[in-house]
Amino acid sequence: MALKEGKIIILSAPSGTGKSSIIKNLITDATLRLCFSISATSRKPRGEEKDGVDYYFLSNEEFKEKVSLGEFVEWEEVYAGTCYGTLESEVKRITSAGNNLIMDIDVKGALNVKKRFGNRALSIFVLPPSKEELERRLRGRATDSDETIAKRLAKADYELSFADKFDTRVVNDDLHQATEEVRRLISDFSK
Ligand code: ADP
Ligand code: 5GP
């Protein structure tokens with residue numbers, strides 16, 4: 001019997017909402033068969049981040065070259081001067097082995113992936129309980145400079161305006177509850 005191709009799960013939200021925390025809680029659940037899609041980025045590693053684990057860290061030149069070779073399924077300049085993108089090779093690596101791919105990408109990239117993969121993809125928008133709590137989480141994470149935090153907060157309203165374009169929305173107030181909600185959505189979708 002041919003191996004069933006994996007599905008594509010897209011998680012998007014303003015930075016600091018809790019996407020990585022939700023993914024971290026779900027990735028170890030073997031029944032979901034989830035594999036994290038490692039994006040390419042032109043930004044520098046942050047904290048303990050490792051190349052080929054958290055991101056494929058590329059120079060601006062390397063990123064541009066891959067764009068011109070058509071190697072990306074989608075890419076966006078998410079913050080001025082900093083690009084992020086999903087490599088086609090990454091999607092194939094995961095889904096052709098029958099695993100479900102989970103990606104943490106920006107709102108525009110998310111809608112492009114949904115458009116491209118249609119019913120093979122489920123797009124989930126994660127909402128923070130409030131802007132004040134979002135700022136607290138960004139500051140509490142203590143990985144970004146004040147300038148970076150300000151840039152991320154400034155973008156949050158714009159990103160929140162995309163929420164109703166997603167297949168579904170989950171509020172991350174209590175992390176355990178939000179994780180369980182996303183777990184059920186993925187489980188139903190990948191049956
Ligand atoms: P994102 O991946 O969306 O940028 P993170 O998962 O890095 O966000 O979460 C940002 C910060 O908020 C982290 O310090 C994380 O521990 C914390 N956090 C995540 N979810 C919650 C929650 N429900 N309640 C309180 N803090 C949370
Ligand atoms: P961070 O710098 O916090 O790791 O990520 C910043 C933003 O880039 C987040 O909103 C994240 O969702 C987005 N992002 C990460 N990878 C990709 C990608 O492959 N494509 C797009 N379009 N956005 C991405």
# chains A, B, ... in the order shown; residues from 1 in each chain; ligands from 1
$ residues_near_ligand --ligand "ligand 2" --cutoff "6 Å" --atoms "only C-alpha atoms and all ligand atoms" --output "number ranges by chain"
A: 12, 14-15, 39, 75-76, 78, 84-86, 104-106, 109
$ write_last_selection --atoms "all heavy atoms" --output "mmCIF file, in the first residue's frame"
data_model
loop_
_atom_site.group_PDB
_atom_site.id
_atom_site.type_symbol
_atom_site.label_atom_id
_atom_site.label_comp_id
_atom_site.auth_asym_id
_atom_site.auth_seq_id
_atom_site.Cartn_x
_atom_site.Cartn_y
_atom_site.Cartn_z
ATOM 1 N N SER A 12 -0.137 30.405 13.146
ATOM 2 C CA SER A 12 0.319 31.775 12.984
ATOM 3 C C SER A 12 -0.253 32.633 14.108
ATOM 4 O O SER A 12 -1.323 32.313 14.647
ATOM 5 C CB SER A 12 -0.144 32.289 11.621
ATOM 6 O OG SER A 12 0.667 33.333 11.187
ATOM 7 N N PRO A 14 0.722 36.781 16.371
ATOM 8 C CA PRO A 14 1.765 37.762 16.659
ATOM 9 C C PRO A 14 2.868 37.119 17.501
ATOM 10 O O PRO A 14 2.579 36.251 18.330
ATOM 11 C CB PRO A 14 1.021 38.836 17.474
ATOM 12 C CG PRO A 14 -0.410 38.675 17.111
ATOM 13 C CD PRO A 14 -0.605 37.216 16.836
ATOM 14 N N SER A 15 4.095 37.539 17.257
ATOM 15 C CA SER A 15 5.231 37.015 18.011
ATOM 16 C C SER A 15 4.982 37.205 19.517
ATOM 17 O O SER A 15 4.546 38.272 19.942
ATOM 18 C CB SER A 15 6.483 37.778 17.575
ATOM 19 O OG SER A 15 7.601 37.296 18.255
ATOM 20 N N SER A 39 12.243 26.443 9.073
ATOM 21 C CA SER A 39 12.277 27.515 8.077
ATOM 22 C C SER A 39 13.702 27.989 7.860
ATOM 23 O O SER A 39 14.569 27.776 8.710
ATOM 24 C CB SER A 39 11.467 28.713 8.563
ATOM 25 O OG SER A 39 10.115 28.394 8.687
ATOM 26 N N TRP A 75 8.029 32.806 0.901
ATOM 27 C CA TRP A 75 8.973 33.544 1.747
ATOM 28 C C TRP A 75 8.441 34.954 1.921
ATOM 29 O O TRP A 75 7.687 35.453 1.077
ATOM 30 C CB TRP A 75 10.395 33.545 1.156
ATOM 31 C CG TRP A 75 10.553 34.358 -0.077
ATOM 32 C CD1 TRP A 75 10.308 33.952 -1.358
ATOM 33 C CD2 TRP A 75 10.958 35.732 -0.163
ATOM 34 N NE1 TRP A 75 10.521 34.979 -2.235
ATOM 35 C CE2 TRP A 75 10.928 36.082 -1.526
ATOM 36 C CE3 TRP A 75 11.340 36.686 0.773
ATOM 37 C CZ2 TRP A 75 11.265 37.360 -1.973
ATOM 38 C CZ3 TRP A 75 11.686 37.962 0.330
ATOM 39 C CH2 TRP A 75 11.640 38.281 -1.033
ATOM 40 N N GLU A 76 8.817 35.583 3.037
ATOM 41 C CA GLU A 76 8.357 36.943 3.326
ATOM 42 C C GLU A 76 9.473 37.702 4.030
ATOM 43 O O GLU A 76 10.248 37.109 4.786
ATOM 44 C CB GLU A 76 7.152 36.944 4.294
ATOM 45 C CG GLU A 76 5.886 36.293 3.774
ATOM 46 C CD GLU A 76 5.177 37.072 2.674
ATOM 47 O OE1 GLU A 76 5.345 38.313 2.606
ATOM 48 O OE2 GLU A 76 4.489 36.428 1.877
ATOM 49 N N VAL A 78 9.548 39.417 6.865
ATOM 50 C CA VAL A 78 8.617 39.546 8.001
ATOM 51 C C VAL A 78 8.906 40.829 8.783
ATOM 52 O O VAL A 78 7.992 41.524 9.206
ATOM 53 C CB VAL A 78 8.668 38.295 8.907
ATOM 54 C CG1 VAL A 78 7.741 38.447 10.108
ATOM 55 C CG2 VAL A 78 8.289 37.033 8.116
ATOM 56 N N TYR A 84 12.210 35.325 6.036
ATOM 57 C CA TYR A 84 11.935 33.975 6.514
ATOM 58 C C TYR A 84 11.238 33.241 5.373
ATOM 59 O O TYR A 84 10.434 33.839 4.665
ATOM 60 C CB TYR A 84 10.968 33.984 7.702
ATOM 61 C CG TYR A 84 11.448 34.701 8.946
ATOM 62 C CD1 TYR A 84 11.389 36.088 9.027
ATOM 63 C CD2 TYR A 84 11.928 33.994 10.033
ATOM 64 C CE1 TYR A 84 11.802 36.750 10.180
ATOM 65 C CE2 TYR A 84 12.336 34.646 11.191
ATOM 66 C CZ TYR A 84 12.277 36.024 11.249
ATOM 67 O OH TYR A 84 12.681 36.681 12.380
ATOM 68 N N GLY A 85 11.490 31.952 5.229
ATOM 69 C CA GLY A 85 10.793 31.215 4.181
ATOM 70 C C GLY A 85 10.788 29.718 4.405
ATOM 71 O O GLY A 85 11.604 29.185 5.157
ATOM 72 N N THR A 86 9.808 29.068 3.741
ATOM 73 C CA THR A 86 9.666 27.614 3.824
ATOM 74 C C THR A 86 10.241 27.007 2.552
ATOM 75 O O THR A 86 9.796 27.336 1.450
ATOM 76 C CB THR A 86 8.165 27.239 3.927
ATOM 77 O OG1 THR A 86 7.591 27.979 5.006
ATOM 78 C CG2 THR A 86 7.992 25.744 4.146
ATOM 79 N N ASP A 104 5.364 27.238 11.882
ATOM 80 C CA ASP A 104 5.124 28.471 12.636
ATOM 81 C C ASP A 104 5.569 29.588 11.714
ATOM 82 O O ASP A 104 6.761 29.841 11.579
ATOM 83 C CB ASP A 104 5.963 28.387 13.916
ATOM 84 C CG ASP A 104 6.137 29.716 14.628
ATOM 85 O OD1 ASP A 104 5.704 30.764 14.101
ATOM 86 O OD2 ASP A 104 6.731 29.713 15.722
ATOM 87 N N ILE A 105 4.594 30.187 11.003
ATOM 88 C CA ILE A 105 4.993 31.205 10.023
ATOM 89 C C ILE A 105 4.115 32.453 10.108
ATOM 90 O O ILE A 105 3.064 32.437 10.726
ATOM 91 C CB ILE A 105 5.054 30.645 8.564
ATOM 92 C CG1 ILE A 105 3.676 30.341 8.005
ATOM 93 C CG2 ILE A 105 5.921 29.401 8.494
ATOM 94 C CD1 ILE A 105 3.728 29.924 6.532
ATOM 95 N N ASP A 106 4.555 33.527 9.477
ATOM 96 C CA ASP A 106 3.843 34.807 9.588
ATOM 97 C C ASP A 106 2.523 34.755 8.813
ATOM 98 O O ASP A 106 2.294 33.837 8.011
ATOM 99 C CB ASP A 106 4.740 35.959 9.115
ATOM 100 C CG ASP A 106 4.497 36.307 7.673
ATOM 101 O OD1 ASP A 106 4.669 35.416 6.810
ATOM 102 O OD2 ASP A 106 4.099 37.446 7.376
ATOM 103 N N GLY A 109 2.584 34.549 4.888
ATOM 104 C CA GLY A 109 3.113 33.241 4.465
ATOM 105 C C GLY A 109 2.076 32.155 4.712
ATOM 106 O O GLY A 109 1.881 31.265 3.873
#
$ residues_around --residues "Tyr56 (chain A)" --least-positions-apart "2" --cutoff "8 Å" --atoms "only C-alpha atoms" --output "JSON list (two decimals) with C-alpha atoms, in the first residue's frame"
[["chain", "number", "residue", "atom", "x", "y", "z"],
["A", 38, "ILE", "CA", 12.43, 24.17, 9.87],
["A", 39, "SER", "CA", 12.28, 27.51, 8.08],
["A", 40, "ALA", "CA", 15.16, 29.37, 6.53],
["A", 41, "THR", "CA", 15.90, 32.87, 7.84],
["A", 51, "ASP", "CA", 21.34, 25.85, 12.72],
["A", 52, "GLY", "CA", 19.31, 23.01, 11.19],
["A", 53, "VAL", "CA", 17.29, 22.61, 14.39],
["A", 54, "ASP", "CA", 15.46, 25.91, 15.01],
["A", 58, "LEU", "CA", 21.43, 31.87, 5.96]]
$ closest_atom_pairs --of "chain A" --to "ligand 1" --cutoff "7 Å" --atoms "only C-alpha atoms and all ligand atoms" --output "tab-separated table"
residue	atom	partner	partner_atom_place_in_ligand_line	distance
A:Ala13	CA	ligand 1	3 (O)	6.1
A:Pro14	CA	ligand 1	3 (O)	6.2
A:Ser15	CA	ligand 1	4 (O)	3.8
A:Gly16	CA	ligand 1	4 (O)	3.5
A:Thr17	CA	ligand 1	3 (O)	4.0
A:Gly18	CA	ligand 1	6 (O)	3.3
A:Lys19	CA	ligand 1	3 (O)	3.8
A:Ser20	CA	ligand 1	2 (O)	3.6
A:Ser21	CA	ligand 1	6 (O)	3.7
A:Ile22	CA	ligand 1	6 (O)	6.6
A:Arg137	CA	ligand 1	12 (O)	4.1
A:Leu138	CA	ligand 1	10 (C)	5.7
A:Gly140	CA	ligand 1	14 (O)	5.5
A:Arg141	CA	ligand 1	14 (O)	3.8
A:Asn172	CA	ligand 1	23 (N)	5.0
A:Asp173	CA	ligand 1	23 (N)	4.6
A:Asp174	CA	ligand 1	23 (N)	4.2
A:Leu175	CA	ligand 1	23 (N)	3.6
$ select_by_dssp --residues "region 32-171 of chain A" --states "alpha helix (DSSP H)" --output "ChimeraX atom specification"
/A:60-68,88-95,107-117,131-141,146-160
$ select_by_dssp --residues "region 19-161 of chain A" --states "strand (DSSP E)" --output "JSON, numbers by chain"
{"A": [34, 35, 36, 39, 40, 41, 55, 56, 57, 72, 73, 74, 75, 76, 77, 78, 79, 82, 83, 84, 85, 86, 87, 100, 101, 102, 103, 104, 121, 122, 123, 124, 125, 126, 127]}
$ atom_distance --atom1 "CA of Ile27 (chain A)" --atom2 "CA of Pro45 (chain A)"
21.6 Å
$ closest_atom_pairs --of "region 28-121 of chain A" --to "region 155-169 of chain A" --cutoff "9 Å" --atoms "only C-alpha atoms" --output "JSON lines"
{"residue": "A:Tyr79", "atom": "CA", "partner": "A:Lys155", "partner_atom": "CA", "distance": 8.9}
{"residue": "A:Asp106", "atom": "CA", "partner": "A:Glu159", "partner_atom": "CA", "distance": 8.1}
{"residue": "A:Val107", "atom": "CA", "partner": "A:Glu159", "partner_atom": "CA", "distance": 6.3}
{"residue": "A:Lys108", "atom": "CA", "partner": "A:Phe162", "partner_atom": "CA", "distance": 8.5}
{"residue": "A:Ala110", "atom": "CA", "partner": "A:Phe166", "partner_atom": "CA", "distance": 8.6}
{"residue": "A:Leu111", "atom": "CA", "partner": "A:Phe166", "partner_atom": "CA", "distance": 7.5}
{"residue": "A:Lys114", "atom": "CA", "partner": "A:Phe166", "partner_atom": "CA", "distance": 8.7}
$ write_last_selection --atoms "C-alpha atoms" --output "short mmCIF file (atom, residue, chain, number, x, y, z; two decimals), in the first residue's frame"
data_model
loop_
_atom_site.label_atom_id
_atom_site.label_comp_id
_atom_site.auth_asym_id
_atom_site.auth_seq_id
_atom_site.Cartn_x
_atom_site.Cartn_y
_atom_site.Cartn_z
CA TYR A 79 10.57 42.39 9.62
CA ASP A 106 3.84 34.81 9.59
CA VAL A 107 0.29 35.69 8.54
CA LYS A 108 0.99 36.37 4.88
CA ALA A 110 0.39 31.24 6.22
CA LEU A 111 -2.31 32.36 3.79
CA LYS A 114 -3.07 27.55 2.62
#
$ atom_distance --atom1 "CA of Thr95 (chain A)" --atom2 "CA of Val113 (chain A)"
14.2 Å
$ atom_distance --atom1 "CA of Ser59 (chain A)" --atom2 "CA of Ser42 (chain A)"
5.4 Å
$ residues_around --residues "Gly47 (chain A)" --least-positions-apart "4" --cutoff "10 Å" --atoms "only C-alpha atoms" --output "ChimeraX atom specification"
/A:142-144
$ write_last_selection --atoms "C-alpha atoms" --output "PDB file, in the first residue's frame"
ATOM      1  CA  ALA A 142      13.817  38.006  27.744  1.00  0.00           C
ATOM      2  CA  THR A 143      15.397  37.039  24.434  1.00  0.00           C
ATOM      3  CA  ASP A 144      14.897  40.268  22.501  1.00  0.00           C
TER       4      ASP A 144
END
$ residues_around --residues "Leu32 (chain A)" --least-positions-apart "3" --cutoff "12 Å" --atoms "only C-alpha atoms" --output "PyMOL selection string"
chain A and resi 6-9+23+25-29+35-36+98-102+182-191
$ decode --residues "region 20-109 of chain A" --atoms "C-alpha atoms" --output "PDB file, in the first residue's frame"
ATOM      1  CA  SER A  20       6.430  27.763  19.962  1.00  0.00           C
ATOM      2  CA  SER A  21       5.160  26.763  23.418  1.00  0.00           C
ATOM      3  CA  ILE A  22       2.128  25.004  21.909  1.00  0.00           C
ATOM      4  CA  ILE A  23       4.231  23.256  19.268  1.00  0.00           C
ATOM      5  CA  LYS A  24       6.749  22.147  21.910  1.00  0.00           C
ATOM      6  CA  ASN A  25       3.925  20.560  23.912  1.00  0.00           C
ATOM      7  CA  LEU A  26       2.530  18.683  20.889  1.00  0.00           C
ATOM      8  CA  ILE A  27       5.622  17.581  19.008  1.00  0.00           C
ATOM      9  CA  THR A  28       6.314  14.717  21.420  1.00  0.00           C
ATOM     10  CA  ASP A  29       2.815  13.212  20.965  1.00  0.00           C
ATOM     11  CA  ALA A  30       3.627  10.281  18.654  1.00  0.00           C
ATOM     12  CA  THR A  31      -0.043   9.730  17.754  1.00  0.00           C
ATOM     13  CA  LEU A  32      -0.108  13.094  15.919  1.00  0.00           C
ATOM     14  CA  ARG A  33       2.974  12.187  13.793  1.00  0.00           C
ATOM     15  CA  LEU A  34       4.069  15.834  13.800  1.00  0.00           C
ATOM     16  CA  CYS A  35       7.357  17.066  12.425  1.00  0.00           C
ATOM     17  CA  PHE A  36       8.373  20.717  12.776  1.00  0.00           C
ATOM     18  CA  SER A  37       9.046  22.516   9.506  1.00  0.00           C
ATOM     19  CA  ILE A  38      12.433  24.166   9.867  1.00  0.00           C
ATOM     20  CA  SER A  39      12.277  27.515   8.077  1.00  0.00           C
ATOM     21  CA  ALA A  40      15.160  29.373   6.528  1.00  0.00           C
ATOM     22  CA  THR A  41      15.899  32.872   7.842  1.00  0.00           C
ATOM     23  CA  SER A  42      18.368  35.638   7.224  1.00  0.00           C
ATOM     24  CA  ARG A  43      18.378  36.646  10.908  1.00  0.00           C
ATOM     25  CA  LYS A  44      21.133  35.656  13.339  1.00  0.00           C
ATOM     26  CA  PRO A  45      20.598  32.836  15.879  1.00  0.00           C
ATOM     27  CA  ARG A  46      19.034  33.957  19.201  1.00  0.00           C
ATOM     28  CA  GLY A  47      19.983  32.468  22.582  1.00  0.00           C
ATOM     29  CA  GLU A  48      20.555  28.719  22.288  1.00  0.00           C
ATOM     30  CA  GLU A  49      19.147  28.410  18.753  1.00  0.00           C
ATOM     31  CA  LYS A  50      20.972  25.974  16.478  1.00  0.00           C
ATOM     32  CA  ASP A  51      21.340  25.849  12.715  1.00  0.00           C
ATOM     33  CA  GLY A  52      19.312  23.006  11.193  1.00  0.00           C
ATOM     34  CA  VAL A  53      17.285  22.614  14.395  1.00  0.00           C
ATOM     35  CA  ASP A  54      15.456  25.912  15.009  1.00  0.00           C
ATOM     36  CA  TYR A  55      16.095  27.438  11.583  1.00  0.00           C
ATOM     37  CA  TYR A  56      18.393  27.107   8.634  1.00  0.00           C
ATOM     38  CA  PHE A  57      20.355  30.297   9.262  1.00  0.00           C
ATOM     39  CA  LEU A  58      21.429  31.869   5.957  1.00  0.00           C
ATOM     40  CA  SER A  59      23.252  35.058   5.030  1.00  0.00           C
ATOM     41  CA  ASN A  60      21.248  37.644   3.052  1.00  0.00           C
ATOM     42  CA  GLU A  61      23.098  36.548  -0.085  1.00  0.00           C
ATOM     43  CA  GLU A  62      22.389  32.850   0.460  1.00  0.00           C
ATOM     44  CA  PHE A  63      18.706  33.616   1.107  1.00  0.00           C
ATOM     45  CA  LYS A  64      18.435  35.704  -2.083  1.00  0.00           C
ATOM     46  CA  GLU A  65      20.089  32.979  -4.117  1.00  0.00           C
ATOM     47  CA  LYS A  66      17.556  30.379  -2.973  1.00  0.00           C
ATOM     48  CA  VAL A  67      14.746  32.813  -3.833  1.00  0.00           C
ATOM     49  CA  SER A  68      16.113  33.246  -7.347  1.00  0.00           C
ATOM     50  CA  LEU A  69      16.479  29.468  -7.766  1.00  0.00           C
ATOM     51  CA  GLY A  70      12.789  29.033  -6.848  1.00  0.00           C
ATOM     52  CA  GLU A  71      13.579  26.846  -3.820  1.00  0.00           C
ATOM     53  CA  PHE A  72      10.917  28.382  -1.541  1.00  0.00           C
ATOM     54  CA  VAL A  73       7.245  27.365  -1.255  1.00  0.00           C
ATOM     55  CA  GLU A  74       6.778  30.859   0.240  1.00  0.00           C
ATOM     56  CA  TRP A  75       8.973  33.544   1.747  1.00  0.00           C
ATOM     57  CA  GLU A  76       8.357  36.943   3.326  1.00  0.00           C
ATOM     58  CA  GLU A  77      10.355  39.880   4.610  1.00  0.00           C
ATOM     59  CA  VAL A  78       8.617  39.546   8.001  1.00  0.00           C
ATOM     60  CA  TYR A  79      10.575  42.392   9.623  1.00  0.00           C
ATOM     61  CA  ALA A  80      12.409  45.096   7.679  1.00  0.00           C
ATOM     62  CA  GLY A  81      15.621  43.537   6.407  1.00  0.00           C
ATOM     63  CA  THR A  82      14.852  40.065   7.824  1.00  0.00           C
ATOM     64  CA  CYS A  83      13.470  37.323   5.601  1.00  0.00           C
ATOM     65  CA  TYR A  84      11.935  33.975   6.514  1.00  0.00           C
ATOM     66  CA  GLY A  85      10.793  31.215   4.181  1.00  0.00           C
ATOM     67  CA  THR A  86       9.666  27.614   3.824  1.00  0.00           C
ATOM     68  CA  LEU A  87      11.839  25.483   1.556  1.00  0.00           C
ATOM     69  CA  GLU A  88      10.112  23.054  -0.788  1.00  0.00           C
ATOM     70  CA  SER A  89      12.718  20.436   0.170  1.00  0.00           C
ATOM     71  CA  GLU A  90      11.559  20.726   3.805  1.00  0.00           C
ATOM     72  CA  VAL A  91       7.895  20.123   2.922  1.00  0.00           C
ATOM     73  CA  LYS A  92       8.857  17.068   0.827  1.00  0.00           C
ATOM     74  CA  ARG A  93      11.238  15.708   3.497  1.00  0.00           C
ATOM     75  CA  ILE A  94       8.451  15.605   6.067  1.00  0.00           C
ATOM     76  CA  THR A  95       5.239  14.843   4.176  1.00  0.00           C
ATOM     77  CA  SER A  96       6.620  12.224   1.792  1.00  0.00           C
ATOM     78  CA  ALA A  97       7.585  10.128   4.828  1.00  0.00           C
ATOM     79  CA  GLY A  98       3.899  10.194   5.864  1.00  0.00           C
ATOM     80  CA  ASN A  99       4.454  12.653   8.710  1.00  0.00           C
ATOM     81  CA  ASN A 100       2.300  15.742   9.308  1.00  0.00           C
ATOM     82  CA  LEU A 101       4.208  18.964   8.956  1.00  0.00           C
ATOM     83  CA  ILE A 102       3.645  21.743  11.495  1.00  0.00           C
ATOM     84  CA  MET A 103       4.849  25.227  10.662  1.00  0.00           C
ATOM     85  CA  ASP A 104       5.124  28.471  12.636  1.00  0.00           C
ATOM     86  CA  ILE A 105       4.993  31.205  10.023  1.00  0.00           C
ATOM     87  CA  ASP A 106       3.843  34.807   9.588  1.00  0.00           C
ATOM     88  CA  VAL A 107       0.286  35.686   8.540  1.00  0.00           C
ATOM     89  CA  LYS A 108       0.993  36.370   4.876  1.00  0.00           C
ATOM     90  CA  GLY A 109       3.113  33.241   4.465  1.00  0.00           C
TER      91      GLY A 109
END
